[in-house]
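Structure file structure-v6.tsv (TSV, C-alpha atoms (C1' of nucleotides)) is printed below.
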```tsv
chain	number	residue	atom	x	y	z
A	174	MET	CA	-7.19	-19.18	37.21
A	175	PRO	CA	-6.56	-19.31	33.46
A	176	THR	CA	-9.33	-16.92	32.47
A	177	MET	CA	-8.61	-15.08	29.20
A	178	THR	CA	-5.61	-17.27	28.57
A	179	ALA	CA	-6.30	-17.56	24.87
A	180	ALA	CA	-6.72	-13.83	24.48
A	181	GLN	CA	-3.61	-13.21	26.54
A	182	ARG	CA	-1.61	-15.54	24.37
A	183	ARG	CA	-2.82	-13.70	21.30
A	184	ASP	CA	-1.85	-10.38	22.81
A	185	GLN	CA	1.53	-11.74	23.73
A	186	ALA	CA	2.04	-13.01	20.21
A	187	LYS	CA	0.97	-9.69	18.81
A	188	ARG	CA	3.40	-7.79	20.98
A	189	GLU	CA	6.23	-10.08	19.98
A	190	TYR	CA	5.24	-9.66	16.37
A	191	ASP	CA	5.22	-5.89	16.65
A	192	ALA	CA	8.66	-5.96	18.23
A	193	PHE	CA	9.88	-8.19	15.46
A	194	LEU	CA	8.41	-5.86	12.87
A	195	ALA	CA	10.06	-2.85	14.42
A	196	ALA	CA	13.40	-4.62	14.22
A	197	CYS	CA	13.14	-5.68	10.60
A	198	PRO	CA	14.72	-3.17	8.22
A	199	SER	CA	13.12	-4.58	5.09
A	200	ARG	CA	9.64	-4.34	6.45
A	201	ARG	CA	10.12	-0.82	7.66
A	202	LEU	CA	11.20	0.23	4.20
A	203	LEU	CA	8.38	-1.75	2.63
A	204	ASP	CA	5.94	0.15	4.78
A	205	ARG	CA	7.29	3.35	3.31
A	206	LEU	CA	7.34	2.10	-0.27
A	207	SER	CA	3.88	0.60	-0.08
A	208	ASP	CA	2.83	4.22	-0.37
A	209	LYS	CA	3.07	4.20	-4.14
A	210	TRP	CA	3.27	7.99	-4.38
A	211	VAL	CA	6.73	7.83	-2.85
A	212	THR	CA	8.08	6.02	-5.88
A	213	LEU	CA	6.39	8.40	-8.27
A	214	VAL	CA	7.76	11.45	-6.45
A	215	LEU	CA	11.23	9.91	-6.51
A	216	ALA	CA	10.93	9.40	-10.26
A	217	ALA	CA	9.72	12.95	-10.84
A	218	LEU	CA	12.47	14.52	-8.74
A	219	ALA	CA	15.08	12.33	-10.41
A	220	ARG	CA	14.54	14.42	-13.53
A	221	GLY	CA	15.36	17.59	-11.62
A	222	ASP	CA	14.11	19.79	-8.80
A	223	ARG	CA	10.43	20.56	-8.81
A	224	ARG	CA	8.05	23.05	-7.31
A	225	TYR	CA	4.97	21.82	-5.47
A	226	SER	CA	2.64	22.74	-8.31
A	227	GLU	CA	4.94	21.13	-10.85
A	228	LEU	CA	4.84	17.86	-8.94
A	229	ALA	CA	1.07	18.07	-8.67
A	230	ARG	CA	0.81	18.48	-12.42
A	231	GLU	CA	3.41	15.87	-13.30
A	232	ILE	CA	2.03	13.14	-11.06
A	233	ALA	CA	-1.44	12.85	-12.52
A	234	GLY	CA	-4.10	11.76	-10.12
A	235	VAL	CA	-2.48	12.65	-6.81
A	236	SER	CA	-4.59	14.78	-4.49
A	237	GLN	CA	-3.07	17.81	-2.78
A	238	LYS	CA	-3.50	16.05	0.51
A	239	MET	CA	-1.61	12.94	-0.51
A	240	LEU	CA	1.12	14.90	-2.27
A	241	THR	CA	1.69	17.08	0.77
A	242	GLN	CA	1.60	14.12	3.10
A	243	THR	CA	4.00	12.13	0.95
A	244	LEU	CA	6.44	15.02	0.66
A	245	ARG	CA	6.32	15.61	4.42
A	246	ASN	CA	7.09	12.00	5.15
A	247	MET	CA	9.88	11.91	2.60
A	248	GLU	CA	11.37	15.07	4.05
A	249	ARG	CA	11.12	13.52	7.50
A	250	ASP	CA	12.90	10.41	6.22
A	251	GLY	CA	15.71	12.49	4.74
A	252	MET	CA	14.81	11.65	1.15
A	253	VAL	CA	13.98	15.14	-0.06
A	254	THR	CA	14.77	18.70	0.94
A	255	ARG	CA	12.15	21.42	1.08
A	256	THR	CA	13.24	24.97	0.25
A	257	VAL	CA	10.91	27.89	0.83
A	258	THR	CA	11.61	31.11	-1.07
A	259	PRO	CA	9.68	34.00	0.50
A	260	THR	CA	8.51	35.60	-2.72
A	261	VAL	CA	4.92	36.72	-3.17
A	262	PRO	CA	3.36	34.34	-3.58
A	263	VAL	CA	5.68	31.94	-1.87
A	264	THR	CA	7.59	29.35	-3.91
A	265	VAL	CA	8.57	25.96	-2.54
A	266	ASP	CA	11.15	23.76	-4.21
A	267	TYR	CA	11.73	20.09	-3.57
A	268	ALA	CA	14.93	18.22	-4.38
A	269	LEU	CA	16.32	14.75	-3.76
A	270	THR	CA	18.96	14.25	-1.11
A	271	ASP	CA	21.80	11.78	-1.61
A	272	LEU	CA	19.72	9.24	0.27
A	273	GLY	CA	16.74	9.90	-1.97
A	274	ARG	CA	18.83	9.63	-5.10
A	275	SER	CA	20.24	6.36	-3.85
A	276	LEU	CA	16.81	4.87	-3.31
A	277	GLN	CA	15.62	6.22	-6.62
A	278	GLY	CA	18.39	4.33	-8.36
A	279	VAL	CA	17.10	1.11	-6.87
A	280	MET	CA	13.50	1.88	-7.70
A	281	GLN	CA	14.52	2.63	-11.25
A	282	HIS	CA	15.29	-1.06	-11.64
A	283	VAL	CA	11.78	-1.85	-10.48
A	284	LYS	CA	10.41	0.56	-13.04
A	285	ASP	CA	12.53	-1.01	-15.77
A	286	TRP	CA	11.31	-4.43	-14.77
A	287	ALA	CA	7.73	-3.20	-14.91
A	288	GLU	CA	8.12	-1.90	-18.43
A	289	ALA	CA	9.76	-5.14	-19.55
A	290	HIS	CA	7.39	-7.60	-17.92
A	291	ILE	CA	4.03	-6.00	-17.22
A	292	ASP	CA	2.71	-7.47	-20.45
A	293	ASP	CA	3.55	-10.96	-19.24
A	294	ILE	CA	1.49	-10.27	-16.15
A	295	GLU	CA	-1.44	-9.03	-18.19
A	296	VAL	CA	-1.33	-12.12	-20.38
A	297	ALA	CA	-1.17	-14.44	-17.38
A	298	ARG	CA	-4.07	-12.64	-15.80
A	299	GLU	CA	-6.28	-12.85	-18.87
A	300	GLU	CA	-5.52	-16.54	-19.26
A	301	TYR	CA	-6.29	-17.16	-15.59
A	302	ASP	CA	-9.58	-15.30	-15.88
A	303	SER	CA	-10.54	-17.13	-19.07
A	304	ARG	CA	-10.17	-20.45	-17.25
A	305	GLN	CA	-12.88	-19.06	-14.92
B	229	MET	CA	-27.11	25.31	-20.90
B	230	PRO	CA	-23.88	24.72	-18.99
B	231	THR	CA	-25.47	23.11	-15.95
B	232	MET	CA	-23.07	20.73	-14.12
B	233	THR	CA	-20.21	21.84	-16.32
B	234	ALA	CA	-17.70	21.82	-13.52
B	235	ALA	CA	-18.69	18.36	-12.37
B	236	GLN	CA	-18.69	17.11	-15.93
B	237	ARG	CA	-15.21	18.44	-16.47
B	238	ARG	CA	-14.06	16.67	-13.33
B	239	ASP	CA	-15.61	13.43	-14.51
B	240	GLN	CA	-14.00	13.85	-17.89
B	241	ALA	CA	-10.63	14.47	-16.30
B	242	LYS	CA	-11.10	11.46	-14.06
B	243	ARG	CA	-11.88	9.21	-16.99
B	244	GLU	CA	-8.86	10.45	-18.90
B	245	TYR	CA	-6.75	9.91	-15.83
B	246	ASP	CA	-8.02	6.37	-15.41
B	247	ALA	CA	-7.23	5.63	-19.04
B	248	PHE	CA	-3.77	7.08	-18.59
B	249	LEU	CA	-3.25	4.99	-15.49
B	250	ALA	CA	-4.32	1.82	-17.26
B	251	ALA	CA	-1.70	2.50	-19.92
B	252	CYS	CA	1.22	3.08	-17.55
B	253	PRO	CA	3.20	-0.11	-16.88
B	254	SER	CA	5.08	1.25	-13.91
B	255	ARG	CA	1.96	2.27	-12.07
B	256	ARG	CA	0.26	-1.02	-12.69
B	257	LEU	CA	3.19	-2.82	-11.16
B	258	LEU	CA	3.35	-0.35	-8.30
B	259	ASP	CA	-0.27	-1.09	-7.54
B	260	ARG	CA	0.65	-4.75	-7.17
B	261	LEU	CA	3.75	-4.10	-5.10
B	262	SER	CA	2.04	-1.63	-2.83
B	263	ASP	CA	0.58	-4.77	-1.32
B	264	LYS	CA	3.52	-5.41	0.93
B	265	TRP	CA	2.67	-9.07	1.44
B	266	VAL	CA	3.57	-9.70	-2.19
B	267	THR	CA	7.18	-8.85	-1.54
B	268	LEU	CA	7.32	-10.93	1.60
B	269	VAL	CA	5.83	-13.96	-0.17
B	270	LEU	CA	8.34	-13.53	-2.97
B	271	ALA	CA	11.15	-13.49	-0.45
B	272	ALA	CA	9.85	-16.58	1.34
B	273	LEU	CA	9.38	-18.57	-1.86
B	274	ALA	CA	12.80	-17.50	-3.10
B	275	ARG	CA	14.26	-19.75	-0.41
B	276	GLY	CA	12.35	-22.72	-1.81
B	277	ASP	CA	8.84	-24.04	-2.33
B	278	ARG	CA	6.49	-23.67	0.57
B	279	ARG	CA	3.23	-25.11	1.78
B	280	TYR	CA	0.42	-22.82	2.82
B	281	SER	CA	0.96	-23.39	6.50
B	282	GLU	CA	4.70	-22.89	6.15
B	283	LEU	CA	4.14	-19.52	4.54
B	284	ALA	CA	1.69	-18.57	7.26
B	285	ARG	CA	4.27	-19.40	9.92
B	286	GLU	CA	7.20	-17.80	8.11
B	287	ILE	CA	5.51	-14.53	7.34
B	288	ALA	CA	4.69	-13.40	10.83
B	289	GLY	CA	1.63	-11.26	11.18
B	290	VAL	CA	-0.24	-12.11	8.01
B	291	SER	CA	-3.82	-13.22	8.46
B	292	GLN	CA	-5.12	-16.29	6.65
B	293	LYS	CA	-7.37	-14.07	4.64
B	294	MET	CA	-4.62	-11.80	3.42
B	295	LEU	CA	-2.25	-14.68	2.73
B	296	THR	CA	-4.84	-16.50	0.67
B	297	GLN	CA	-5.81	-13.32	-1.14
B	298	THR	CA	-2.20	-12.46	-1.87
B	299	LEU	CA	-1.42	-15.95	-3.15
B	300	ARG	CA	-4.51	-15.93	-5.37
B	301	ASN	CA	-3.55	-12.61	-6.91
B	302	MET	CA	0.03	-13.72	-7.43
B	303	GLU	CA	-1.14	-16.93	-9.05
B	304	ARG	CA	-3.43	-14.90	-11.27
B	305	ASP	CA	-0.51	-12.67	-12.23
B	306	GLY	CA	1.61	-15.65	-13.15
B	307	MET	CA	4.09	-15.13	-10.32
B	308	VAL	CA	3.48	-18.36	-8.42
B	309	THR	CA	2.13	-21.82	-9.15
B	310	ARG	CA	-0.28	-23.61	-6.87
B	311	THR	CA	-0.07	-27.39	-6.69
B	312	VAL	CA	-2.70	-29.42	-4.86
B	313	THR	CA	-1.76	-32.91	-3.75
B	314	PRO	CA	-4.89	-34.92	-2.88
B	315	THR	CA	-3.56	-36.51	0.27
B	316	VAL	CA	-5.61	-36.62	3.46
B	317	PRO	CA	-5.52	-33.98	4.59
B	318	VAL	CA	-4.81	-32.13	1.39
B	319	THR	CA	-1.43	-30.47	0.87
B	320	VAL	CA	-0.93	-27.37	-1.23
B	321	ASP	CA	2.46	-26.26	-2.44
B	322	TYR	CA	3.38	-22.88	-3.80
B	323	ALA	CA	6.40	-22.16	-5.98
B	324	LEU	CA	7.77	-19.21	-7.91
B	325	THR	CA	7.43	-19.13	-11.67
B	326	ASP	CA	10.18	-17.71	-13.85
B	327	LEU	CA	8.32	-14.43	-13.82
B	328	GLY	CA	8.11	-14.49	-10.05
B	329	ARG	CA	11.79	-15.33	-9.70
B	330	SER	CA	12.63	-12.46	-12.03
B	331	LEU	CA	10.68	-9.97	-9.96
B	332	GLN	CA	12.11	-11.39	-6.78
B	333	GLY	CA	15.60	-10.68	-8.06
B	334	VAL	CA	14.69	-7.04	-8.50
B	335	MET	CA	13.05	-6.81	-5.11
B	336	GLN	CA	16.12	-8.36	-3.54
B	337	HIS	CA	17.98	-5.17	-4.46
B	338	VAL	CA	15.34	-3.18	-2.62
B	339	LYS	CA	15.75	-5.42	0.41
B	340	ASP	CA	19.53	-4.99	0.27
B	341	TRP	CA	19.11	-1.24	0.06
B	342	ALA	CA	16.79	-1.33	3.06
B	343	GLU	CA	19.29	-3.19	5.19
B	344	ALA	CA	22.07	-0.82	4.18
B	345	HIS	CA	20.22	2.48	4.59
B	346	ILE	CA	17.30	2.07	6.95
B	347	ASP	CA	19.44	3.41	9.77
B	348	ASP	CA	20.04	6.62	7.83
B	349	ILE	CA	16.30	7.02	7.53
B	350	GLU	CA	15.80	6.45	11.24
B	351	VAL	CA	18.44	9.03	12.07
B	352	ALA	CA	16.94	11.57	9.70
B	353	ARG	CA	13.53	10.97	11.19
B	354	GLU	CA	14.66	11.42	14.76
B	355	GLU	CA	16.46	14.61	13.86
B	356	TYR	CA	13.40	15.92	12.04
B	357	ASP	CA	11.19	15.14	15.00
B	358	SER	CA	13.60	16.70	17.48
B	359	ARG	CA	13.40	19.96	15.55
B	360	GLN	CA	9.61	19.68	16.24
C	132	DC	C1'	1.07	29.53	-4.50
C	133	DG	C1'	1.38	26.06	-1.19
C	134	DG	C1'	-0.50	24.39	1.91
C	135	DA	C1'	-3.72	23.15	6.69
C	136	DA	C1'	-8.06	21.65	8.57
C	137	DT	C1'	-12.28	19.41	8.30
C	138	DC	C1'	-15.57	16.11	7.07
C	139	DC	C1'	-16.91	11.81	5.21
C	140	DT	C1'	-16.98	7.49	2.57
C	141	DG	C1'	-15.20	3.03	1.02
C	142	DC	C1'	-12.63	-0.77	1.38
C	143	DC	C1'	-8.90	-2.87	3.49
C	144	DT	C1'	-8.03	-5.74	7.03
C	145	DG	C1'	-8.50	-8.62	11.07
C	146	DA	C1'	-11.46	-11.72	13.89
C	147	DT	C1'	-14.42	-15.43	14.02
C	148	DA	C1'	-16.80	-19.41	12.55
C	149	DC	C1'	-17.55	-23.10	9.35
C	150	DT	C1'	-16.17	-26.80	5.56
C	151	DG	C1'	-14.23	-30.68	2.66
D	33	DC	C1'	-4.64	-28.82	6.32
D	34	DA	C1'	-6.15	-25.28	3.47
D	35	DG	C1'	-9.07	-22.83	2.79
D	36	DT	C1'	-14.29	-20.02	2.34
D	37	DA	C1'	-17.85	-16.92	4.33
D	38	DT	C1'	-19.36	-13.33	7.00
D	39	DC	C1'	-19.23	-9.45	9.88
D	40	DA	C1'	-17.34	-5.25	11.89
D	41	DG	C1'	-14.13	-1.24	12.57
D	42	DG	C1'	-10.51	1.82	11.42
D	43	DC	C1'	-8.32	4.58	8.74
D	44	DA	C1'	-6.54	5.67	4.15
D	45	DG	C1'	-7.59	8.87	1.02
D	46	DG	C1'	-10.81	12.12	-1.69
D	47	DA	C1'	-13.51	16.45	-1.74
D	48	DT	C1'	-14.11	20.74	0.04
D	49	DT	C1'	-13.09	24.91	2.36
D	50	DC	C1'	-10.10	28.26	4.34
D	51	DC	C1'	-5.48	30.67	5.25
D	52	DG	C1'	-0.68	33.26	5.07
```
Taking this structure as input, can you express it in the form of structure tokens?
Amino acid sequence: MPTMTAAQRRDQAKREYDAFLAACPSRRLLDRLSDKWVTLVLAALARGDRRYSELAREIAGVSQKMLTQTLRNMERDGMVTRTVTPTVPVTVDYALTDLGRSLQGVMQHVKDWAEAHIDDIEVAREEYDSRQ
Amino acid sequence: MPTMTAAQRRDQAKREYDAFLAACPSRRLLDRLSDKWVTLVLAALARGDRRYSELAREIAGVSQKMLTQTLRNMERDGMVTRTVTPTVPVTVDYALTDLGRSLQGVMQHVKDWAEAHIDDIEVAREEYDSRQ
DNA sequence: CGGAATCCTGCCTGATACTG
DNA sequence: CAGTATCAGGCAGGATTCCG
């Protein structure tokens, strides 16, 4: 009785795909980096340790929610350390770990590429749009 | 009459922020890369030209919609070329441009980093979670 | 100061169906 | 084969409020 066979095959494929995804290092990192705030936090901390409010000011446009969430995830991933100093009011400092610094070095190349080639992209885009 | 002053200030700040964003090369590129399919398409095409269906098979988990959308955007950005051969049925080949190859070279470093360090991240994460 | 919690909206994405 | 069109839902992310 092959009822639902098509749906079952799809589910099967999906499970295999998920397993494949979970086993692929590149994709797991890409999932992390596709959160663009991660890269911006890395860049900010590369210039030195920062307090929460300093990061919020330096990374224009990030909401408190996203900044907190990003920092939590990065702490969880061993990219940054979080140091609470029980003053009044409390101060919280963030710093890169060795792992974070290592990744930042790689992302720096991406940033350099962006500054060198983003104009080419803009030009290509305008030409594409002008051809309808 | 300072009615709506707070809201107006927010709007003003938002407009300034948008203008700032539009002027920042790194962020514009990050916006593109935060679409993770872009990186995967770059990697696939780096191994040689591909037809649409080949890409769909090679990049497991991408929907037709997202693949088409990603390819369109990348073509618009001058990263890939799209060549239609009017056979029956029609064949469409995608290839990297020089710009695309250049970016792919940079992203290759990211991929290498991922394969070298993703385990460190996993370990850090498990330790973080085990500490509640 | 540095968050946590809540609500709520948009759009991102996948599923499905149709076309040349 | 290589798409386009349409619909639906899920959740990313913003705004707001409250707390230690």
Hey, could you make a per-residue contact list for chain C against range 248-265 of chain A with 12 Å as the cut-off, showing the nearest pair of atoms and its distance in Å to one decimal, counting only C-alpha atoms (C1' of nucleotides), sorted by chain and number, as CSV?
```
residue,atom,partner,partner_atom,distance
C:DC132,C1',A:Pro262,CA,5.4
C:DG133,C1',A:Val263,CA,7.3
C:DG134,C1',A:Val265,CA,10.2
```
Interface residues on chain D facing chain A, 10 Å, all atoms listed in the file, written as an NGL selection string: :D and (44-47 or 52)
Could you pull the residues within 12 Å of Met280 in chain A, counting only C-alpha atoms (C1' of nucleotides), minus those fewer than 5 positions along the same chain, as an mmCIF file with C-alpha atoms, in the coordinates of the input?
```cif
data_model
loop_
_atom_site.group_PDB
_atom_site.id
_atom_site.type_symbol
_atom_site.label_atom_id
_atom_site.label_comp_id
_atom_site.auth_asym_id
_atom_site.auth_seq_id
_atom_site.Cartn_x
_atom_site.Cartn_y
_atom_site.Cartn_z
ATOM 1 C CA LEU A 206 7.340 2.100 -0.270
ATOM 2 C CA LYS A 209 3.070 4.200 -4.140
ATOM 3 C CA VAL A 211 6.730 7.830 -2.850
ATOM 4 C CA THR A 212 8.080 6.020 -5.880
ATOM 5 C CA LEU A 213 6.390 8.400 -8.270
ATOM 6 C CA VAL A 214 7.760 11.450 -6.450
ATOM 7 C CA LEU A 215 11.230 9.910 -6.510
ATOM 8 C CA ALA A 216 10.930 9.400 -10.260
ATOM 9 C CA ALA A 219 15.080 12.330 -10.410
ATOM 10 C CA GLY A 273 16.740 9.900 -1.970
ATOM 11 C CA ARG A 274 18.830 9.630 -5.100
ATOM 12 C CA SER A 275 20.240 6.360 -3.850
ATOM 13 C CA ASP A 285 12.530 -1.010 -15.770
ATOM 14 C CA TRP A 286 11.310 -4.430 -14.770
ATOM 15 C CA ALA A 287 7.730 -3.200 -14.910
ATOM 16 C CA SER B 254 5.080 1.250 -13.910
ATOM 17 C CA LEU B 257 3.190 -2.820 -11.160
ATOM 18 C CA LEU B 258 3.350 -0.350 -8.300
ATOM 19 C CA LEU B 261 3.750 -4.100 -5.100
ATOM 20 C CA VAL B 334 14.690 -7.040 -8.500
ATOM 21 C CA MET B 335 13.050 -6.810 -5.110
ATOM 22 C CA GLN B 336 16.120 -8.360 -3.540
ATOM 23 C CA HIS B 337 17.980 -5.170 -4.460
ATOM 24 C CA VAL B 338 15.340 -3.180 -2.620
ATOM 25 C CA LYS B 339 15.750 -5.420 0.410
ATOM 26 C CA TRP B 341 19.110 -1.240 0.060
ATOM 27 C CA ALA B 342 16.790 -1.330 3.060
#
```
Protein and nucleic acid residues near (-14.4, -12.8, 10.9) (cut-off 8 Å, all atoms listed in the file) as a ChimeraX atom specification: /C:145-148 /D:38-39
Would you write out chain A as a compact mmCIF listing (two decimals) with C-alpha atoms, keeping the file's coordinate frame, after superposing it on chain B by least squares over all in-order Cα pairs?
```
# COMPACT_ATOMS: atom_id res chain seq x y z
CA MET A 174 -26.99 25.51 -20.84
CA PRO A 175 -23.72 24.92 -18.97
CA THR A 176 -25.27 23.35 -15.89
CA MET A 177 -22.90 20.94 -14.11
CA THR A 178 -20.05 22.03 -16.31
CA ALA A 179 -17.54 21.99 -13.50
CA ALA A 180 -18.58 18.53 -12.38
CA GLN A 181 -18.54 17.31 -15.96
CA ARG A 182 -15.05 18.61 -16.46
CA ARG A 183 -13.95 16.81 -13.33
CA ASP A 184 -15.52 13.59 -14.54
CA GLN A 185 -13.88 14.00 -17.89
CA ALA A 186 -10.52 14.55 -16.24
CA LYS A 187 -11.05 11.54 -14.06
CA ARG A 188 -11.86 9.33 -17.00
CA GLU A 189 -8.80 10.51 -18.86
CA TYR A 190 -6.74 9.90 -15.77
CA ASP A 191 -8.07 6.39 -15.38
CA ALA A 192 -7.28 5.65 -19.01
CA PHE A 193 -3.81 7.00 -18.51
CA LEU A 194 -3.36 4.88 -15.42
CA ALA A 195 -4.48 1.76 -17.21
CA ALA A 196 -1.89 2.41 -19.89
CA CYS A 197 1.04 2.98 -17.56
CA PRO A 198 3.02 -0.19 -16.90
CA SER A 199 4.91 1.18 -13.91
CA ARG A 200 1.80 2.18 -12.08
CA ARG A 201 0.11 -1.12 -12.70
CA LEU A 202 3.06 -2.92 -11.18
CA LEU A 203 3.22 -0.43 -8.33
CA ASP A 204 -0.38 -1.20 -7.55
CA ARG A 205 0.57 -4.83 -7.18
CA LEU A 206 3.70 -4.16 -5.15
CA SER A 207 2.01 -1.69 -2.85
CA ASP A 208 0.56 -4.84 -1.34
CA LYS A 209 3.58 -5.42 0.86
CA TRP A 210 2.76 -9.09 1.41
CA VAL A 211 3.63 -9.75 -2.21
CA THR A 212 7.25 -8.87 -1.60
CA LEU A 213 7.40 -10.95 1.55
CA VAL A 214 5.91 -13.98 -0.20
CA LEU A 215 8.40 -13.57 -3.03
CA ALA A 216 11.24 -13.52 -0.51
CA ALA A 217 9.94 -16.60 1.30
CA LEU A 218 9.46 -18.60 -1.89
CA ALA A 219 12.88 -17.55 -3.15
CA ARG A 220 14.33 -19.80 -0.46
CA GLY A 221 12.42 -22.77 -1.83
CA ASP A 222 8.90 -24.08 -2.33
CA ARG A 223 6.56 -23.71 0.59
CA ARG A 224 3.31 -25.14 1.82
CA TYR A 225 0.50 -22.81 2.83
CA SER A 226 1.05 -23.38 6.53
CA GLU A 227 4.79 -22.90 6.14
CA LEU A 228 4.24 -19.52 4.54
CA ALA A 229 1.80 -18.56 7.27
CA ARG A 230 4.39 -19.39 9.89
CA GLU A 231 7.33 -17.82 8.09
CA ILE A 232 5.63 -14.52 7.32
CA ALA A 233 4.83 -13.42 10.85
CA GLY A 234 1.79 -11.26 11.20
CA VAL A 235 -0.06 -12.12 8.01
CA SER A 236 -3.68 -13.18 8.46
CA GLN A 237 -5.00 -16.25 6.67
CA LYS A 238 -7.24 -14.00 4.66
CA MET A 239 -4.46 -11.77 3.41
CA LEU A 240 -2.12 -14.68 2.73
CA THR A 241 -4.75 -16.48 0.69
CA GLN A 242 -5.71 -13.33 -1.14
CA THR A 243 -2.10 -12.47 -1.90
CA LEU A 244 -1.33 -15.97 -3.16
CA ARG A 245 -4.44 -15.96 -5.35
CA ASN A 246 -3.49 -12.68 -6.93
CA MET A 247 0.09 -13.78 -7.46
CA GLU A 248 -1.09 -17.00 -9.04
CA ARG A 249 -3.41 -14.98 -11.26
CA ASP A 250 -0.50 -12.75 -12.26
CA GLY A 251 1.64 -15.76 -13.16
CA MET A 252 4.11 -15.20 -10.34
CA VAL A 253 3.52 -18.42 -8.43
CA THR A 254 2.17 -21.88 -9.14
CA ARG A 255 -0.25 -23.65 -6.84
CA THR A 256 -0.03 -27.44 -6.62
CA VAL A 257 -2.68 -29.43 -4.79
CA THR A 258 -1.77 -32.94 -3.65
CA PRO A 259 -4.93 -34.88 -2.75
CA THR A 260 -3.62 -36.49 0.41
CA VAL A 261 -5.67 -36.54 3.59
CA PRO A 262 -5.56 -33.89 4.69
CA VAL A 263 -4.82 -32.07 1.50
CA THR A 264 -1.40 -30.48 0.95
CA VAL A 265 -0.88 -27.38 -1.16
CA ASP A 266 2.52 -26.30 -2.39
CA TYR A 267 3.45 -22.92 -3.78
CA ALA A 268 6.46 -22.22 -5.98
CA LEU A 269 7.81 -19.27 -7.93
CA THR A 270 7.45 -19.21 -11.69
CA ASP A 271 10.19 -17.79 -13.90
CA LEU A 272 8.31 -14.51 -13.87
CA GLY A 273 8.11 -14.56 -10.09
CA ARG A 274 11.78 -15.37 -9.75
CA SER A 275 12.60 -12.52 -12.09
CA LEU A 276 10.66 -10.02 -10.04
CA GLN A 277 12.10 -11.41 -6.84
CA GLY A 278 15.58 -10.69 -8.13
CA VAL A 279 14.65 -7.06 -8.56
CA MET A 280 12.98 -6.83 -5.18
CA GLN A 281 16.06 -8.34 -3.61
CA HIS A 282 17.88 -5.14 -4.49
CA VAL A 283 15.21 -3.18 -2.66
CA LYS A 284 15.67 -5.41 0.35
CA ASP A 285 19.43 -4.94 0.23
CA TRP A 286 18.97 -1.21 0.02
CA ALA A 287 16.66 -1.33 3.02
CA GLU A 288 19.19 -3.16 5.13
CA ALA A 289 21.94 -0.75 4.12
CA HIS A 290 20.06 2.51 4.53
CA ILE A 291 17.12 2.10 6.89
CA ASP A 292 19.25 3.42 9.71
CA ASP A 293 19.84 6.64 7.80
CA ILE A 294 16.10 7.03 7.52
CA GLU A 295 15.60 6.45 11.22
CA VAL A 296 18.25 9.03 12.07
CA ALA A 297 16.73 11.59 9.71
CA ARG A 298 13.33 10.98 11.19
CA GLU A 299 14.46 11.40 14.78
CA GLU A 300 16.28 14.61 13.91
CA TYR A 301 13.22 15.93 12.09
CA ASP A 302 11.00 15.12 15.05
CA SER A 303 13.42 16.68 17.52
CA ARG A 304 13.23 19.96 15.61
CA GLN A 305 9.48 19.78 16.41
```
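Shortest atom-to-atom contact with chain C among B:Asp277, B:Asp263, B:Glu350, B:Asp357: B:Asp263, counting all atoms listed in the file.
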Atom pair CA of Gln277 in chain A / CA of Thr325 in chain B: separation (Å): 27.1 Å
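Between CA of Asp347 in chain B and CA of Arg359 in chain B the interatomic distance comes to 18.5 Å.
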Separation of CA of His345 in chain B from CA of Arg201 in chain A in Å: 11.1 Å
